[in-house]
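S.K.: First the structure, then my questions, so here it is.
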Amino acid sequence: MADARGKAREHAHDRDAGPDGRIRVAIENVGPSVDGGRFAVKRIVGDRVDVETDCFADGHDAVAARVLWRREDEVEWREAPMTFLGGDRWRGSFEVDAPGRYRFTVTAWVDRFLSWHHDLQRRADPDDIRIAALVGAELVEGASRRADGVEGKRLADWAARLRAGGEAVALKSLGLDEALFELANRYPDRSLAFTHPTELTVVVDRERARFGTWYELFARSTSPIPGGHGTFRDVEARLPYVAELGFDVLYLPPVHPIGRAQRKGRNNALSPTPADVGSPWAIGASEGGHKSVHPQLGTLDDFRRLVARARELGIEVALDIAFQCAPDHPYVGEHPAWFRRRPDGTVQYAENPPKKYQDIYPFDFESNEWRALWEELASVFDFWAGEGVRIFRVDNPHTKPFAFWEWAIARLKRAHPGAIFLAEAFTRPKVMHRLAKLGFTQSYTYFAWRNTKQELTEYFTELAQGPGREYFRPNVWPNTPDILTEYLQFGGRPAFMARLVLAATLAASYGIYGPAFELLEARPREPGSEEYLDSEKYQVRAWDLDRDDSLREFIARVNRARRENPALQSDWSLRFFPVDNESIICYVKSTPDLENVVVTVVNLDPYHSQAGWVELDLPALGVDERSPYQMQELLSGARYLWHGGRNYVSLDVTRSPAQILRLRRKVRTERDFDYFL
């Protein structure tokens, strides 16, 4: 105990004396980082994390730097070398091989051995060389003591030969021996190294977080009997259809019991009939709440069976989590302190003036019992994770405290690192970005309201190339049960086709609300409204999936192009190309090795066919400007032979307002046959 107290006093004295003055290196601007390291950057399993920093020292001595990294649950750091880029800038990288949280930082030092080696290369005077050899011998001898076994003996022998002296030319040649230099450089003197004090964080997700194709449907509208209430078994029967369309995530709105008190009728009517089924987002009734399923849908066993069957078809079930209650939710009676009261003593229902949601009670996160509320809400995620759900679409997260989401998401991802959270937050940009920083894996976007070429180009350039890409992953939707845009209301079939192609190729993750989308549902509740007439939010609908005008085959072709082309499975490579027609947009995505390059052109005018000249940057696409190349159109199967960067496109809205073109380069075989790859 006395010895421990003595060491503590010694360390306190060291702190009072300030930092070790012999440490001469400086480390600045370590990245990637978000808000100086306050939040994590995001990556996918298998990614290489490229770390850059400024490292420098006083004077002219050489500096060496390394990336330090570890999984958050590991104690020991692993290391990766950093390369000097020029201008005191350095870069290193490491690979993340499993979902979870990783820490990284940078360490650097003034490297006397590297400085000696650099100076020796420039020395010419024989006496200078002999003196330098003695200095080098001392440095190499130090490296030999840090090395093990055979390598240590090799270095000790090198030090002895340098110290033995001899003819200057031979000594210089010995000192510059490349193999011995590489060996000694593996055992540097890091006794005066400086490690950047801020440990930065990387959250690593599974591949579905980067690339996913979502299909939303209401379980209660899947009955084969018109007017009947669908069940989980009916959804199970719908799975082959969803798989045929090429979707790998099936998103279900809330499947819980629906409140009867203050229930809304069709088209959000305040006076429901006894036959009205209410809104699935008015959660909770006498049958249970957020951890129960609506009895007309089936049982938890039926739900588990649905999840398992979907998995067999390569589909994951995503579940809506909406933290709000119907007036008759069990929480209202069991935990009255979790809800805010009006002056007359009644519970405050949800409002967004002039809209009123009398069938929904929001939680009061400023309640004195907030800790118990947090624990209970987090346990909802735990419950459904226990039922096999790993993807959660979270309703209106921007109306709940930031601190809650940071705590709750981190808590669940520690138990289930593969969990994915999609933030349904159509709100102010800074709020959307804050939610992404706090841990939401993906985010809804403003895509539905970006219609012109300028709007789309500026917005998706920001998403793909802006600083927010380190943490904000877009998931774009042309429609949702709440959003029927004016473009879809009046643009007809070409509008639906164009918006689908834009969503599916501009973003690696996208979704549609179906069957409303493929069946071209475009009737608003009233003029100027984005609400659907006869919305599924308030009633059961029957859909004829076999209608002749369905877009199901077109959707399947688009999704097949996404599956078969890795370029479309990530966001950061997106670049836009000029077109001499403002109604046509053109952009490219590619893999880093340029082995897969996909160019998409879309007619943004749903009423008229359009044509124009696109201008591709061929060198950036790895194409010889002097050679022809083939563009394979993935929706129709047509093939076009293009020459040079400027080429003509024509998009007929009566057929298809878009083309997805895979670039195939011309090559010559040993037998002098030309073909395209």
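Quick note on naming: the chains in the structure tokens go A, B, ... in the order shown, residues restart at 1 in each chain, and ligands are numbered from 1 in order of appearance.
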Within 7 Å of Glu72 of chain A, counting only C-alpha atoms, which residues qualify if same-chain residues fewer than 3 places away don't, as a list in words?

M.R.: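 The filter keeps Arg101, Tyr102 and Arg103 of chain A.
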
S.K.: So that I have them on file, write out the residues from the current selection with N, CA, C and O atoms, as a PDB file, in the first residue's frame.

M.R.:
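Final output, part.pdb:
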```pdb
ATOM      1  N   ARG A 101     -18.769  -1.734 -32.420  1.00  0.00           N
ATOM      2  CA  ARG A 101     -18.108  -0.438 -32.276  1.00  0.00           C
ATOM      3  C   ARG A 101     -16.601  -0.642 -32.217  1.00  0.00           C
ATOM      4  O   ARG A 101     -16.107  -1.541 -31.528  1.00  0.00           O
ATOM      5  N   TYR A 102     -15.890   0.202 -32.921  1.00  0.00           N
ATOM      6  CA  TYR A 102     -14.435   0.176 -32.943  1.00  0.00           C
ATOM      7  C   TYR A 102     -13.908   1.537 -32.505  1.00  0.00           C
ATOM      8  O   TYR A 102     -14.540   2.569 -32.729  1.00  0.00           O
ATOM      9  N   ARG A 103     -12.732   1.512 -31.906  1.00  0.00           N
ATOM     10  CA  ARG A 103     -12.039   2.739 -31.524  1.00  0.00           C
ATOM     11  C   ARG A 103     -10.761   2.866 -32.356  1.00  0.00           C
ATOM     12  O   ARG A 103     -10.120   1.867 -32.675  1.00  0.00           O
TER      13      ARG A 103
END
```

S.K.: Would you give me, as a ChimeraX atom specification, the residues in segment 332-497 of chain A that DSSP reads as alpha helix (DSSP H)?

M.R.: /A:332-334,370-386,402-415,429-438,453-465,486-497

S.K.: Counting only C-alpha atoms, which residues of segment 102-153 of chain A fall within 12 Å of segment 163-182 of chain A, and what is the closest atom pair for each with its distance in Å at one decimal, ordered by chain and rising number, as CSV?

M.R.:
```
residue,atom,partner,partner_atom,distance
A:Phe113,CA,A:Phe181,CA,9.2
A:Leu114,CA,A:Phe181,CA,9.1
A:Trp116,CA,A:Gly175,CA,9.6
A:His117,CA,A:Leu176,CA,7.0
A:His118,CA,A:Leu176,CA,9.3
A:Asp119,CA,A:Leu176,CA,10.6
A:Leu120,CA,A:Lys172,CA,7.1
A:Gln121,CA,A:Leu176,CA,7.3
A:Arg122,CA,A:Lys172,CA,10.1
A:Arg123,CA,A:Lys172,CA,8.5
A:Ala124,CA,A:Val169,CA,8.8
A:Asp125,CA,A:Ala168,CA,8.4
A:Pro126,CA,A:Ala168,CA,5.2
A:Asp127,CA,A:Ala168,CA,7.7
A:Asp128,CA,A:Ala168,CA,8.9
A:Ile129,CA,A:Ala168,CA,6.1
A:Arg130,CA,A:Ala168,CA,6.3
A:Ile131,CA,A:Gly165,CA,9.1
A:Ala132,CA,A:Lys172,CA,8.9
A:Ala133,CA,A:Arg163,CA,6.5
A:Leu134,CA,A:Arg163,CA,5.3
A:Val135,CA,A:Arg163,CA,8.6
A:Gly136,CA,A:Gly175,CA,7.6
A:Ala137,CA,A:Arg163,CA,5.7
A:Glu138,CA,A:Arg163,CA,8.4
A:Leu139,CA,A:Arg163,CA,11.2
A:Val140,CA,A:Phe181,CA,9.2
A:Glu141,CA,A:Arg163,CA,10.2
A:Ala143,CA,A:Phe181,CA,10.8
A:Ser144,CA,A:Leu180,CA,11.2
A:Glu151,CA,A:Leu180,CA,9.7
A:Gly152,CA,A:Leu180,CA,11.2
A:Lys153,CA,A:Leu180,CA,11.7
```

S.K.: Okay, now the selection with N, CA and C atoms, as a short mmCIF file (atom, residue, chain, number, x, y, z; two decimals), in the first residue's frame?

M.R.:
```cif
data_model
loop_
_atom_site.label_atom_id
_atom_site.label_comp_id
_atom_site.auth_asym_id
_atom_site.auth_seq_id
_atom_site.Cartn_x
_atom_site.Cartn_y
_atom_site.Cartn_z
N PHE A 113 16.16 6.97 -36.25
CA PHE A 113 16.74 6.03 -37.21
C PHE A 113 16.40 6.45 -38.64
N LEU A 114 15.15 6.83 -38.90
CA LEU A 114 14.78 7.28 -40.24
C LEU A 114 15.53 8.54 -40.61
N TRP A 116 18.48 9.43 -39.52
CA TRP A 116 19.87 9.02 -39.80
C TRP A 116 19.98 8.42 -41.20
N HIS A 117 19.07 7.54 -41.54
CA HIS A 117 19.11 6.89 -42.85
C HIS A 117 18.96 7.91 -43.98
N HIS A 118 18.07 8.87 -43.79
CA HIS A 118 17.86 9.92 -44.79
C HIS A 118 19.12 10.76 -44.96
N ASP A 119 19.74 11.14 -43.84
CA ASP A 119 20.95 11.97 -43.92
C ASP A 119 22.12 11.20 -44.53
N LEU A 120 22.23 9.91 -44.20
CA LEU A 120 23.33 9.11 -44.73
C LEU A 120 23.30 9.06 -46.26
N GLN A 121 22.11 9.05 -46.83
CA GLN A 121 21.99 9.02 -48.28
C GLN A 121 22.65 10.24 -48.92
N ARG A 122 22.68 11.36 -48.21
CA ARG A 122 23.20 12.61 -48.79
C ARG A 122 24.65 12.89 -48.42
N ARG A 123 25.22 12.09 -47.53
CA ARG A 123 26.59 12.35 -47.09
C ARG A 123 27.59 11.87 -48.14
N ALA A 124 28.69 12.66 -48.30
CA ALA A 124 29.74 12.33 -49.26
C ALA A 124 31.12 12.36 -48.64
N ASP A 125 31.31 13.20 -47.62
CA ASP A 125 32.63 13.31 -46.99
C ASP A 125 32.95 12.02 -46.23
N PRO A 126 34.12 11.42 -46.47
CA PRO A 126 34.47 10.14 -45.82
C PRO A 126 34.42 10.21 -44.30
N ASP A 127 34.92 11.31 -43.71
CA ASP A 127 34.90 11.41 -42.25
C ASP A 127 33.47 11.50 -41.73
N ASP A 128 32.62 12.26 -42.45
CA ASP A 128 31.22 12.34 -42.05
C ASP A 128 30.56 10.97 -42.09
N ILE A 129 30.91 10.19 -43.11
CA ILE A 129 30.30 8.86 -43.25
C ILE A 129 30.71 7.96 -42.10
N ARG A 130 32.01 8.03 -41.71
CA ARG A 130 32.49 7.17 -40.62
C ARG A 130 31.82 7.54 -39.30
N ILE A 131 31.68 8.85 -39.06
CA ILE A 131 31.00 9.28 -37.82
C ILE A 131 29.53 8.85 -37.86
N ALA A 132 28.88 9.02 -39.03
CA ALA A 132 27.49 8.62 -39.16
C ALA A 132 27.31 7.13 -38.93
N ALA A 133 28.29 6.33 -39.36
CA ALA A 133 28.21 4.90 -39.16
C ALA A 133 28.18 4.55 -37.68
N LEU A 134 28.96 5.28 -36.88
CA LEU A 134 28.96 5.04 -35.43
C LEU A 134 27.62 5.42 -34.80
N VAL A 135 27.08 6.55 -35.28
CA VAL A 135 25.76 6.95 -34.77
C VAL A 135 24.72 5.89 -35.14
N GLY A 136 24.77 5.43 -36.40
CA GLY A 136 23.83 4.41 -36.84
C GLY A 136 23.98 3.12 -36.07
N ALA A 137 25.22 2.76 -35.74
CA ALA A 137 25.45 1.53 -34.98
C ALA A 137 24.71 1.57 -33.65
N GLU A 138 24.74 2.75 -33.00
CA GLU A 138 24.05 2.88 -31.72
C GLU A 138 22.53 2.72 -31.90
N LEU A 139 21.99 3.33 -32.95
CA LEU A 139 20.55 3.24 -33.19
C LEU A 139 20.14 1.82 -33.55
N VAL A 140 20.95 1.15 -34.38
CA VAL A 140 20.61 -0.21 -34.79
C VAL A 140 20.73 -1.16 -33.61
N GLU A 141 21.70 -0.90 -32.74
CA GLU A 141 21.85 -1.74 -31.56
C GLU A 141 20.62 -1.65 -30.67
N ALA A 143 17.60 -1.06 -31.76
CA ALA A 143 16.58 -1.84 -32.44
C ALA A 143 16.77 -3.33 -32.20
N SER A 144 18.03 -3.78 -32.13
CA SER A 144 18.30 -5.20 -31.92
C SER A 144 17.77 -5.66 -30.56
N GLU A 151 16.06 -12.17 -35.75
CA GLU A 151 16.08 -10.80 -36.26
C GLU A 151 16.91 -9.90 -35.36
N GLY A 152 16.84 -10.12 -34.05
CA GLY A 152 17.67 -9.36 -33.13
C GLY A 152 19.14 -9.61 -33.37
N LYS A 153 19.50 -10.84 -33.63
CA LYS A 153 20.91 -11.17 -33.90
C LYS A 153 21.37 -10.54 -35.20
#
```

S.K.: Nearest to Asp35 of chain A among A:Val623, A:Ile660, A:Ala326, A:Leu200, with distances taken over only C-alpha atoms: which residue is it?

M.R.: A:Leu200

S.K.: Could you give me, as a list in words, the residues within 7 Å of segment 232-237 of chain A, counting only C-alpha atoms and dropping anything in the same chain fewer than 4 positions from it?

M.R.: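 With the cut-off at 7 Å, the set is Ala219, Thr222, Ser223, Leu297, Gly298, Asp302, Phe303 and Leu306 of chain A.
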
S.K.: Would you mind exporting the chosen residues as a PDB file, in the first residue's frame, restricted to N, CA and C atoms?

M.R.:
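Result written to again08.pdb:
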```
ATOM      1  N   ALA A 219     -50.482  -5.568 -43.149  1.00  0.00           N
ATOM      2  CA  ALA A 219     -50.822  -6.984 -42.986  1.00  0.00           C
ATOM      3  C   ALA A 219     -52.324  -7.201 -43.062  1.00  0.00           C
ATOM      4  N   THR A 222     -54.127  -8.038 -46.629  1.00  0.00           N
ATOM      5  CA  THR A 222     -53.597  -9.132 -47.451  1.00  0.00           C
ATOM      6  C   THR A 222     -54.545 -10.311 -47.579  1.00  0.00           C
ATOM      7  N   SER A 223     -55.754 -10.180 -47.081  1.00  0.00           N
ATOM      8  CA  SER A 223     -56.693 -11.305 -47.160  1.00  0.00           C
ATOM      9  C   SER A 223     -57.066 -11.597 -48.611  1.00  0.00           C
ATOM     10  N   LEU A 297     -54.819 -10.492 -36.517  1.00  0.00           N
ATOM     11  CA  LEU A 297     -53.668 -10.856 -37.353  1.00  0.00           C
ATOM     12  C   LEU A 297     -53.166 -12.252 -37.036  1.00  0.00           C
ATOM     13  N   GLY A 298     -53.397 -12.704 -35.829  1.00  0.00           N
ATOM     14  CA  GLY A 298     -52.922 -14.030 -35.435  1.00  0.00           C
ATOM     15  C   GLY A 298     -52.242 -13.977 -34.089  1.00  0.00           C
ATOM     16  N   ASP A 302     -47.644 -17.248 -34.940  1.00  0.00           N
ATOM     17  CA  ASP A 302     -47.833 -16.959 -36.364  1.00  0.00           C
ATOM     18  C   ASP A 302     -46.812 -15.930 -36.848  1.00  0.00           C
ATOM     19  N   PHE A 303     -46.535 -14.947 -36.004  1.00  0.00           N
ATOM     20  CA  PHE A 303     -45.555 -13.929 -36.379  1.00  0.00           C
ATOM     21  C   PHE A 303     -44.171 -14.553 -36.524  1.00  0.00           C
ATOM     22  N   LEU A 306     -43.937 -16.341 -39.724  1.00  0.00           N
ATOM     23  CA  LEU A 306     -43.778 -15.411 -40.842  1.00  0.00           C
ATOM     24  C   LEU A 306     -42.325 -14.965 -40.971  1.00  0.00           C
TER      25      LEU A 306
END
```

S.K.: Which one is closest to Glu316 of chain A: A:Glu531, A:Asp359, A:Glu334, A:Glu216? Count only C-alpha atoms.

M.R.: A:Glu216

S.K.: Show which residues sit within 8 Å of Pro494 of chain A, as a PyMOL selection string. Count only C-alpha atoms, and ignore same-chain residues fewer than 4 positions away.

M.R.: chain A and resi 498+606-607+653-654+656-657

S.K.: Can you write out the residues you just picked, keeping all heavy atoms, as an mmCIF file, in the first residue's frame?

M.R.:
```cif
data_model
loop_
_atom_site.group_PDB
_atom_site.id
_atom_site.type_symbol
_atom_site.label_atom_id
_atom_site.label_comp_id
_atom_site.auth_asym_id
_atom_site.auth_seq_id
_atom_site.Cartn_x
_atom_site.Cartn_y
_atom_site.Cartn_z
ATOM 1 N N ALA A 498 -40.585 6.710 -63.514
ATOM 2 C CA ALA A 498 -39.410 7.569 -63.363
ATOM 3 C C ALA A 498 -38.984 7.667 -61.905
ATOM 4 O O ALA A 498 -37.790 7.567 -61.585
ATOM 5 C CB ALA A 498 -39.706 8.958 -63.921
ATOM 6 N N PRO A 606 -43.093 13.782 -67.103
ATOM 7 C CA PRO A 606 -43.967 12.614 -67.268
ATOM 8 C C PRO A 606 -44.962 12.747 -68.415
ATOM 9 O O PRO A 606 -45.656 11.775 -68.731
ATOM 10 C CB PRO A 606 -44.694 12.539 -65.922
ATOM 11 C CG PRO A 606 -44.733 13.947 -65.437
ATOM 12 C CD PRO A 606 -43.456 14.582 -65.917
ATOM 13 N N TYR A 607 -45.009 13.909 -69.046
ATOM 14 C CA TYR A 607 -46.032 14.156 -70.059
ATOM 15 C C TYR A 607 -45.513 14.073 -71.486
ATOM 16 O O TYR A 607 -46.289 13.842 -72.416
ATOM 17 C CB TYR A 607 -46.664 15.532 -69.843
ATOM 18 C CG TYR A 607 -47.170 15.746 -68.441
ATOM 19 C CD1 TYR A 607 -46.515 16.623 -67.575
ATOM 20 C CD2 TYR A 607 -48.274 15.055 -67.968
ATOM 21 C CE1 TYR A 607 -46.965 16.813 -66.282
ATOM 22 C CE2 TYR A 607 -48.732 15.237 -66.667
ATOM 23 C CZ TYR A 607 -48.069 16.121 -65.823
ATOM 24 O OH TYR A 607 -48.515 16.294 -64.552
ATOM 25 N N VAL A 653 -41.910 8.441 -73.115
ATOM 26 C CA VAL A 653 -42.704 8.198 -71.907
ATOM 27 C C VAL A 653 -43.781 7.135 -72.122
ATOM 28 O O VAL A 653 -44.296 6.564 -71.156
ATOM 29 C CB VAL A 653 -43.365 9.499 -71.401
ATOM 30 C CG1 VAL A 653 -42.330 10.461 -70.873
ATOM 31 C CG2 VAL A 653 -44.220 10.134 -72.485
ATOM 32 N N THR A 654 -44.141 6.856 -73.362
ATOM 33 C CA THR A 654 -45.150 5.818 -73.603
ATOM 34 C C THR A 654 -44.569 4.425 -73.448
ATOM 35 O O THR A 654 -45.310 3.451 -73.356
ATOM 36 C CB THR A 654 -45.753 5.962 -75.014
ATOM 37 O OG1 THR A 654 -44.726 5.714 -75.992
ATOM 38 C CG2 THR A 654 -46.325 7.349 -75.216
ATOM 39 N N SER A 656 -40.792 3.700 -71.776
ATOM 40 C CA SER A 656 -40.065 3.778 -70.515
ATOM 41 C C SER A 656 -39.377 5.127 -70.435
ATOM 42 O O SER A 656 -38.627 5.491 -71.350
ATOM 43 C CB SER A 656 -39.027 2.662 -70.391
ATOM 44 O OG SER A 656 -38.255 2.832 -69.210
ATOM 45 N N PRO A 657 -39.604 5.875 -69.356
ATOM 46 C CA PRO A 657 -38.979 7.186 -69.228
ATOM 47 C C PRO A 657 -37.546 7.128 -68.717
ATOM 48 O O PRO A 657 -36.965 8.174 -68.397
ATOM 49 C CB PRO A 657 -39.885 7.886 -68.216
ATOM 50 C CG PRO A 657 -40.354 6.774 -67.335
ATOM 51 C CD PRO A 657 -40.507 5.572 -68.232
#
```

S.K.: Taking only segment 288-485 of chain A into account, list the residues labelled strand (DSSP E or B) by DSSP (computed from the backbone), as number ranges by chain.

M.R.: A: 288, 316-321, 324-325, 341, 347, 350-352, 355-357, 361-362, 391-395, 420-424, 442-443, 474, 476, 480, 483

S.K.: For Ser573 of chain A, which residue out of A:Asp276, A:Asp157, A:Glu287, A:Asp593 is the nearest one, using only C-alpha atoms?

M.R.: A:Asp593

S.K.: What's the separation between atom CA of Asp54 of chain A and atom CA of Thr201 of chain A, in Å to one decimal place?

M.R.: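 Taking atom CA of Asp54 of chain A and atom CA of Thr201 of chain A, their separation equals 18.6 Å.
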
S.K.: Taking into account only C-alpha atoms, which residue in the set A:Ser443, A:Ser286, A:Ser379, A:Ser191 is nearest to Leu412 of chain A?

M.R.: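 Of the candidates, the smallest distance to Leu412 of chain A is held by A:Ser379.
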
S.K.: Considering only C-alpha atoms, state which residue in the set A:Gly466, A:Gly142, A:Pro327, A:Gly265 is at the smallest distance from Leu155 of chain A.

M.R.: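 Selected residue with least distance to Leu155 of chain A: A:Gly142.
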
S.K.: Between A:Gly644, A:Pro524, A:Gly622, A:Pro401, which is the closest to Phe365 of chain A once you count only C-alpha atoms?

M.R.: A:Pro401

S.K.: May I have the residues within 12 Å of Gly87 of chain A as a PyMOL selection string, using only C-alpha atoms and disregarding those fewer than 5 positions away in the same chain?

M.R.: chain A and resi 53-56

S.K.: Would you pick out the contacts of Val501 of chain A at 9 Å or less, using only C-alpha atoms, so that residues sharing its chain but fewer than 4 positions from it are not included, and give the list as a count of residues only?

M.R.: 11
